[in-house]
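query_13.cif follows; it contains mmCIF, C-alpha atoms and all ligand atoms.
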data_data
loop_
_atom_site.label_atom_id
_atom_site.label_comp_id
_atom_site.auth_asym_id
_atom_site.auth_seq_id
_atom_site.Cartn_x
_atom_site.Cartn_y
_atom_site.Cartn_z
CA MET D 1 -44.82 81.79 -30.60
CA ASP D 2 -45.75 85.04 -28.92
CA LYS D 3 -49.05 86.33 -30.29
CA SER D 4 -47.63 89.85 -30.31
CA ASP D 5 -45.29 88.87 -33.16
CA ASN D 6 -48.35 89.46 -35.35
CA ASN D 7 -47.93 89.26 -39.07
CA MET D 8 -44.75 87.20 -39.05
CA ALA D 9 -45.38 84.05 -41.03
CA VAL D 10 -44.63 80.66 -39.49
CA ALA D 11 -43.22 77.77 -41.53
CA LEU D 12 -43.29 74.09 -40.59
CA PHE D 13 -41.55 71.17 -42.27
CA GLY D 14 -42.66 67.73 -41.14
CA GLY D 15 -41.25 64.28 -41.83
CA THR D 16 -39.88 61.11 -40.33
CA PHE D 17 -36.26 62.32 -40.59
CA ASN D 18 -34.93 58.80 -40.16
CA PRO D 19 -32.28 60.22 -40.31
CA ILE D 20 -32.24 63.92 -41.26
CA HIS D 21 -30.00 64.48 -44.30
CA ASN D 22 -28.58 67.25 -46.48
CA GLY D 23 -31.54 67.01 -48.90
CA HIS D 24 -33.87 68.01 -46.03
CA LEU D 25 -31.50 70.68 -44.71
CA ARG D 26 -30.97 72.24 -48.13
CA ILE D 27 -34.68 72.58 -48.94
CA ALA D 28 -35.48 73.80 -45.40
CA THR D 29 -32.86 76.52 -45.84
CA GLU D 30 -34.19 77.53 -49.25
CA LEU D 31 -37.76 77.54 -47.91
CA THR D 32 -36.82 80.19 -45.32
CA GLU D 33 -35.53 82.35 -48.19
CA VAL D 34 -38.44 81.78 -50.58
CA LEU D 35 -41.11 82.24 -47.90
CA GLN D 36 -39.18 85.08 -46.21
CA VAL D 37 -39.51 83.62 -42.74
CA GLU D 38 -36.96 84.04 -39.95
CA HIS D 39 -36.80 80.32 -39.39
CA ILE D 40 -38.49 77.05 -40.26
CA ARG D 41 -39.60 74.57 -37.60
CA ILE D 42 -38.53 71.04 -38.57
CA ILE D 43 -40.88 68.57 -36.92
CA PRO D 44 -40.09 64.86 -36.65
CA CYS D 45 -43.21 62.74 -36.22
CA ALA D 46 -43.36 60.59 -33.11
CA PHE D 47 -45.49 57.73 -34.38
CA PRO D 48 -45.62 57.91 -38.17
CA PRO D 49 -49.20 56.87 -38.97
CA HIS D 50 -48.42 55.66 -42.51
CA ARG D 51 -45.19 53.79 -41.98
CA VAL D 52 -43.73 50.88 -40.08
CA GLU D 53 -42.04 51.89 -36.83
CA PRO D 54 -38.68 53.53 -37.73
CA GLN D 55 -35.44 51.85 -36.59
CA ALA D 56 -34.44 54.96 -34.67
CA SER D 57 -36.67 56.10 -31.80
CA ALA D 58 -38.42 59.46 -31.93
CA GLY D 59 -35.95 60.73 -29.33
CA GLN D 60 -32.99 59.60 -31.44
CA ARG D 61 -34.42 61.15 -34.62
CA LEU D 62 -34.92 64.40 -32.70
CA ALA D 63 -31.37 64.24 -31.29
CA MET D 64 -29.95 63.84 -34.83
CA LEU D 65 -32.06 66.77 -36.03
CA GLN D 66 -30.81 68.89 -33.11
CA ALA D 67 -27.20 67.92 -33.89
CA ALA D 68 -27.70 68.82 -37.56
CA THR D 69 -29.17 72.25 -36.84
CA VAL D 70 -27.14 73.37 -33.83
CA ASN D 71 -25.30 76.13 -35.71
CA GLN D 72 -28.16 76.95 -38.07
CA PRO D 73 -30.33 79.65 -36.50
CA ARG D 74 -32.82 79.50 -39.38
CA LEU D 75 -33.44 75.78 -38.86
CA VAL D 76 -35.24 74.94 -35.62
CA ALA D 77 -35.68 71.40 -34.31
CA ASP D 78 -39.24 71.26 -32.97
CA ASP D 79 -40.43 68.46 -30.66
CA ILE D 80 -44.14 69.38 -30.78
CA GLU D 81 -45.20 65.92 -32.02
CA LEU D 82 -43.13 64.13 -29.40
CA HIS D 83 -45.35 65.47 -26.61
CA ARG D 84 -48.39 63.58 -27.88
CA SER D 85 -48.99 59.93 -27.09
CA THR D 86 -51.32 59.51 -30.06
CA PRO D 87 -50.27 59.07 -33.72
CA SER D 88 -48.70 62.15 -35.34
CA PHE D 89 -51.47 63.48 -37.55
CA SER D 90 -50.41 66.65 -39.37
CA ILE D 91 -53.89 68.09 -39.02
CA ASP D 92 -53.54 68.06 -35.21
CA THR D 93 -50.10 69.69 -35.40
CA VAL D 94 -51.15 72.52 -37.70
CA ALA D 95 -54.32 73.11 -35.66
CA LEU D 96 -52.24 73.33 -32.49
CA VAL D 97 -49.72 75.73 -34.04
CA ARG D 98 -52.56 77.81 -35.46
CA GLU D 99 -54.04 78.17 -31.94
CA GLN D 100 -50.77 79.76 -30.82
CA MET D 101 -50.85 82.38 -33.62
CA THR D 102 -52.98 85.37 -34.46
CA PRO D 103 -55.73 84.71 -37.04
CA GLN D 104 -53.95 86.95 -39.57
CA GLN D 105 -50.51 85.33 -39.47
CA PRO D 106 -49.73 83.12 -42.47
CA LEU D 107 -48.89 79.52 -41.60
CA PHE D 108 -46.96 77.47 -44.17
CA PHE D 109 -46.86 73.69 -43.96
CA CYS D 110 -44.07 72.48 -46.25
CA ILE D 111 -44.09 69.01 -47.81
CA GLY D 112 -42.38 67.22 -50.67
CA MET D 113 -44.10 66.17 -53.88
CA ASP D 114 -44.10 62.51 -52.78
CA ALA D 115 -46.03 63.50 -49.66
CA LEU D 116 -48.51 65.52 -51.75
CA ASN D 117 -49.20 62.51 -53.95
CA SER D 118 -50.47 60.49 -51.00
CA ILE D 119 -51.93 63.33 -48.93
CA ASN D 120 -55.46 61.97 -49.41
CA THR D 121 -54.50 59.07 -47.14
CA TRP D 122 -53.83 61.52 -44.28
CA GLN D 123 -56.36 62.05 -41.50
CA ARG D 124 -58.83 64.88 -42.37
CA TRP D 125 -56.50 66.02 -45.16
CA GLU D 126 -58.95 68.43 -46.74
CA GLU D 127 -59.14 70.40 -43.46
CA LEU D 128 -55.42 71.23 -43.57
CA LEU D 129 -56.09 74.31 -45.69
CA HIS D 130 -58.44 75.69 -43.00
CA HIS D 131 -55.37 76.22 -40.83
CA CYS D 132 -52.42 76.72 -43.19
CA HIS D 133 -51.10 77.03 -46.72
CA ILE D 134 -49.39 73.97 -48.16
CA VAL D 135 -46.05 74.58 -49.82
CA VAL D 136 -44.91 71.75 -52.07
CA SER D 137 -41.33 71.27 -53.18
CA SER D 138 -40.67 68.92 -56.05
CA ARG D 139 -38.37 65.93 -55.68
CA PRO D 140 -36.19 64.07 -58.17
CA GLY D 141 -38.31 61.60 -60.10
CA VAL D 142 -41.61 62.52 -58.45
CA GLU D 143 -44.34 64.15 -60.54
CA ALA D 144 -47.40 66.12 -59.44
CA PRO D 145 -50.67 64.16 -59.36
CA LYS D 146 -52.42 64.33 -62.75
CA SER D 147 -55.88 62.98 -61.92
CA GLY D 148 -57.95 61.94 -58.92
CA PRO D 149 -58.94 63.69 -55.69
CA VAL D 150 -55.54 65.26 -54.97
CA ALA D 151 -55.21 66.65 -58.50
CA ASP D 152 -58.73 68.15 -58.24
CA TRP D 153 -57.92 69.65 -54.84
CA VAL D 154 -54.68 71.15 -56.15
CA GLU D 155 -56.50 72.65 -59.12
CA GLU D 156 -59.02 74.31 -56.81
CA TYR D 157 -56.58 75.79 -54.30
CA ARG D 158 -53.31 76.27 -56.19
CA CYS D 159 -52.01 79.83 -56.35
CA ASP D 160 -48.74 80.62 -58.14
CA ASP D 161 -48.52 84.21 -56.90
CA LEU D 162 -46.57 84.02 -53.66
CA ARG D 163 -47.34 87.63 -52.73
CA LEU D 164 -51.06 86.85 -52.77
CA VAL D 165 -50.53 83.69 -50.73
CA GLN D 166 -48.45 85.61 -48.16
CA LYS D 167 -51.29 88.07 -47.60
CA LYS D 168 -53.64 85.32 -46.38
CA PRO D 169 -53.29 83.21 -43.23
CA ALA D 170 -54.24 79.90 -44.93
CA GLY D 171 -56.06 78.27 -47.81
CA ASN D 172 -53.68 77.93 -50.78
CA ILE D 173 -51.33 75.38 -52.27
CA TYR D 174 -48.07 76.85 -53.55
CA PHE D 175 -45.47 74.95 -55.60
CA CYS D 176 -41.84 75.91 -55.47
CA ASP D 177 -38.83 74.82 -57.37
CA LEU D 178 -35.97 74.20 -54.96
CA THR D 179 -32.62 72.45 -55.09
CA MET D 180 -33.49 68.81 -54.69
CA LEU D 181 -30.42 66.79 -53.78
CA GLU D 182 -30.65 63.16 -54.73
CA ILE D 183 -30.42 61.88 -51.17
CA SER D 184 -32.97 59.87 -49.20
CA SER D 185 -33.08 58.48 -45.69
CA THR D 186 -33.74 55.04 -47.19
CA ASP D 187 -30.51 55.26 -49.18
CA ILE D 188 -28.57 56.32 -46.06
CA ARG D 189 -30.01 53.40 -44.03
CA ASN D 190 -29.19 50.96 -46.86
CA LYS D 191 -25.64 52.25 -47.12
CA ILE D 192 -25.09 51.77 -43.37
CA ALA D 193 -26.53 48.24 -43.54
CA ARG D 194 -24.04 47.45 -46.35
CA GLY D 195 -21.17 49.02 -44.41
CA ASP D 196 -20.76 51.91 -46.90
CA SER D 197 -19.82 55.44 -45.91
CA ILE D 198 -22.55 58.08 -45.46
CA ASN D 199 -20.10 60.98 -45.22
CA PHE D 200 -21.31 64.19 -46.93
CA LEU D 201 -24.90 62.93 -47.21
CA THR D 202 -25.72 64.28 -43.75
CA PRO D 203 -23.77 66.58 -41.39
CA ASP D 204 -20.75 65.10 -39.58
CA ALA D 205 -22.52 65.41 -36.23
CA VAL D 206 -25.29 63.12 -37.50
CA VAL D 207 -22.77 60.62 -38.91
CA GLU D 208 -21.09 60.55 -35.46
CA TYR D 209 -24.40 60.12 -33.62
CA ILE D 210 -25.38 57.20 -35.88
CA GLN D 211 -22.00 55.52 -35.31
CA GLN D 212 -22.07 56.05 -31.53
CA HIS D 213 -25.58 54.58 -31.23
CA HIS D 214 -25.08 51.82 -33.84
CA LEU D 215 -28.21 52.90 -35.69
CA TYR D 216 -29.39 51.16 -38.89
CA GLU D 217 -26.65 48.50 -38.78
P1 LIG U 301 -37.38 57.80 -46.58
O1 LIG U 301 -36.31 57.51 -47.59
O2 LIG U 301 -37.24 57.04 -45.29
O3 LIG U 301 -38.77 57.70 -47.18
P2 LIG U 301 -37.02 60.65 -46.89
O4 LIG U 301 -35.61 60.85 -47.29
O5 LIG U 301 -38.09 60.73 -47.96
O6 LIG U 301 -37.17 59.31 -46.10
P3 LIG U 301 -38.73 61.99 -45.01
O7 LIG U 301 -38.45 62.13 -43.57
O8 LIG U 301 -39.81 61.06 -45.40
O9 LIG U 301 -37.34 61.65 -45.74
O10 LIG U 301 -38.94 63.40 -45.69
C1 LIG U 301 -39.58 64.49 -45.11
C2 LIG U 301 -39.95 65.43 -46.23
O11 LIG U 301 -38.75 65.81 -46.93
C3 LIG U 301 -40.87 64.81 -47.28
O12 LIG U 301 -41.87 65.76 -47.57
C4 LIG U 301 -39.97 64.54 -48.46
O13 LIG U 301 -40.66 64.73 -49.68
C5 LIG U 301 -38.91 65.61 -48.33
N1 LIG U 301 -37.61 65.16 -48.85
C6 LIG U 301 -36.88 64.14 -48.42
N2 LIG U 301 -35.71 64.05 -49.09
C7 LIG U 301 -35.70 65.05 -49.97
C8 LIG U 301 -34.76 65.48 -50.97
N3 LIG U 301 -33.61 64.87 -51.20
N4 LIG U 301 -35.10 66.55 -51.70
C9 LIG U 301 -36.26 67.16 -51.48
N5 LIG U 301 -37.19 66.81 -50.56
C10 LIG U 301 -36.92 65.77 -49.81
#

Just give me the structure of the file as structure tokens.
Amino acid sequence: MDKSDNNMAVALFGGTFNPIHNGHLRIATELTEVLQVEHIRIIPCAFPPHRVEPQASAGQRLAMLQAATVNQPRLVADDIELHRSTPSFSIDTVALVREQMTPQQPLFFCIGMDALNSINTWQRWEELLHHCHIVVSSRPGVEAPKSGPVADWVEEYRCDDLRLVQKKPAGNIYFCDLTMLEISSTDIRNKIARGDSINFLTPDAVVEYIQQHHLYE
């Protein structure tokens, strides 16, 4: 990002994307509208620190993301975490992106409710808000934390007035209600393993890539 693009906000959406699916693409699209950003950078993690090694390599997960977003100018496949040889800690990614921005530019790091519920297991999680705002989208069947360290943290930093959040570069947690399609990467992988169709759960280009590379069989 060119530092001269000053007060333009930057939005990031991280995940394993194993594979990317229409649930991800739909909320990423809606996030660009809600947050009024030109585009959202979708960032597959290279070495997910909290999960077993995915069946598709980081390069393959990125290739599927690129195929899914090729005609979607508002959705940008970002390989920032693939350049690091260390585990993909979100704190390192947001700190790196922040370094490339002006101090005034708002930075939004978008996660799902399931990710929020376990955010206290992430490396230096409480420092995230030094660099960015956290935007949380709900997910079918997943509730906000009700007690414990994450609930306390949310209570302290939550702001429901988006215009106030947009005026600051970082420091708030904002909840938004988006269209949550009942699709998961786990379900897609299970369907493939059973020999079921995954058509219409992810773009055709991703279906073709998975078939060509015999992923998740
Ligand atoms: P898996 O089934 O392997 O756990 P997933 O479908 O949850 O994968 P991730 O790559 O873990 O996909 O998701 C990245 C982010 O997208 C997470 O913050 C997650 O909450 C969110 N997300 C995933 N699927 C949906 C969906 N259908 N609706 C809304 N958010 C979603």

Between atom CA of D:Met113 and atom C7 of ligand LIG 301 (chain U), what distance in Å does the model show, to one decimal?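 Computed distance, atom CA of D:Met113 to atom C7 of ligand LIG 301 (chain U), equals 9.3 Å.
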
I'd like the contact shell of stretch 134-145 of chain D - 9 Å cut-off, only C-alpha atoms, skipping same-chain residues fewer than 6 positions apart - returned as a count of residues only. 29

Got a sec: who's within 12 Å of D:Glu208, counting only C-alpha atoms, leaving out chain neighbours fewer than 4 positions off, as a list in words?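 Contacts, in chain order: Ala63, Met64, Ala67, Ala68, Ser197, Ile198, Asn199, Thr202, Pro203, Asp204, Gln212, His213, His214 and Leu215 of chain D.
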
Filtering to C-alpha atoms, could you give me those residues as a short mmCIF file (atom, residue, chain, number, x, y, z; two decimals), in the frame of the given file?
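What follows is the written file result_0.cif:
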data_model
loop_
_atom_site.label_atom_id
_atom_site.label_comp_id
_atom_site.auth_asym_id
_atom_site.auth_seq_id
_atom_site.Cartn_x
_atom_site.Cartn_y
_atom_site.Cartn_z
CA ALA D 63 -31.37 64.24 -31.29
CA MET D 64 -29.95 63.84 -34.83
CA ALA D 67 -27.20 67.92 -33.89
CA ALA D 68 -27.70 68.82 -37.56
CA SER D 197 -19.82 55.44 -45.91
CA ILE D 198 -22.55 58.08 -45.46
CA ASN D 199 -20.10 60.98 -45.22
CA THR D 202 -25.72 64.28 -43.75
CA PRO D 203 -23.77 66.58 -41.39
CA ASP D 204 -20.75 65.10 -39.58
CA GLN D 212 -22.07 56.05 -31.53
CA HIS D 213 -25.58 54.58 -31.23
CA HIS D 214 -25.08 51.82 -33.84
CA LEU D 215 -28.21 52.90 -35.69
#

In terms of the shortest atom-to-atom distance over only C-alpha atoms and all ligand atoms, which of D:Thr121, D:Thr186, D:Asn71, D:Ser90 is closest to ligand LIG 301 (chain U)?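 Ranking D:Thr121, D:Thr186, D:Asn71, D:Ser90 by distance to ligand LIG 301 (chain U), first place goes to D:Thr186.
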
Atom pair atom C8 of ligand LIG 301 (chain U) / atom CA of D:Ala28: separation (Å):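 Straight-line distance from atom C8 of ligand LIG 301 (chain U) to atom CA of D:Ala28 works out to 10.0 Å.
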
With distances taken over only C-alpha atoms, which of D:Asp79, D:Glu127, D:Glu99, D:Asp196 is nearest to D:Phe13?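 Smallest distance to D:Phe13 is found for D:Asp79.
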
My list of candidates is D:Leu12, D:Ile210, D:Ala205, D:Ala58. Which is closest to D:Val70 when distances are computed with all atoms listed in the file? D:Ala205

What is the atom CA of D:Gln60-atom CA of D:Ser185 distance in Å, reported with one decimal? 14.3 Å

Contacts of D:Gln66 at 12 Å or less, counting all atoms listed in the file, minus same-chain residues fewer than 4 places along, as a PyMOL selection string? chain D and resi 17+19-20+25+41-44+59-62+70-73+75-79+203+205-206+209

Could you work out an axis-aligned bounding box for all listed atoms of ligand LIG 301 (chain U), with 8 Å added on each of the six sides, and give its centre and edge lengths in Å to one decimal, as AutoDock Vina command-line options?
--center_x -37.7 --center_y 62.1 --center_z -47.6 --size_x 24.3 --size_y 26.1 --size_z 24.1

Which one is closest to ligand LIG 301 (chain U): D:Lys146, D:Arg163, D:Arg189, D:His39? Count only C-alpha atoms and all ligand atoms.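 Comparing D:Lys146, D:Arg163, D:Arg189, D:His39 against ligand LIG 301 (chain U), the winner is D:Arg189.
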
Closest to ligand LIG 301 (chain U) among D:Ala193, D:Leu82, D:Cys159, D:Ile119, using all atoms listed in the file?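 Residue with the minimum atom-to-atom distance to ligand LIG 301 (chain U): D:Ile119.
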
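Of the residues listed (D:Pro106, D:Leu162, D:Ile188, D:His21), D:Leu162 shows the shortest atom-to-atom separation from D:Val34; distances use all atoms listed in the file.
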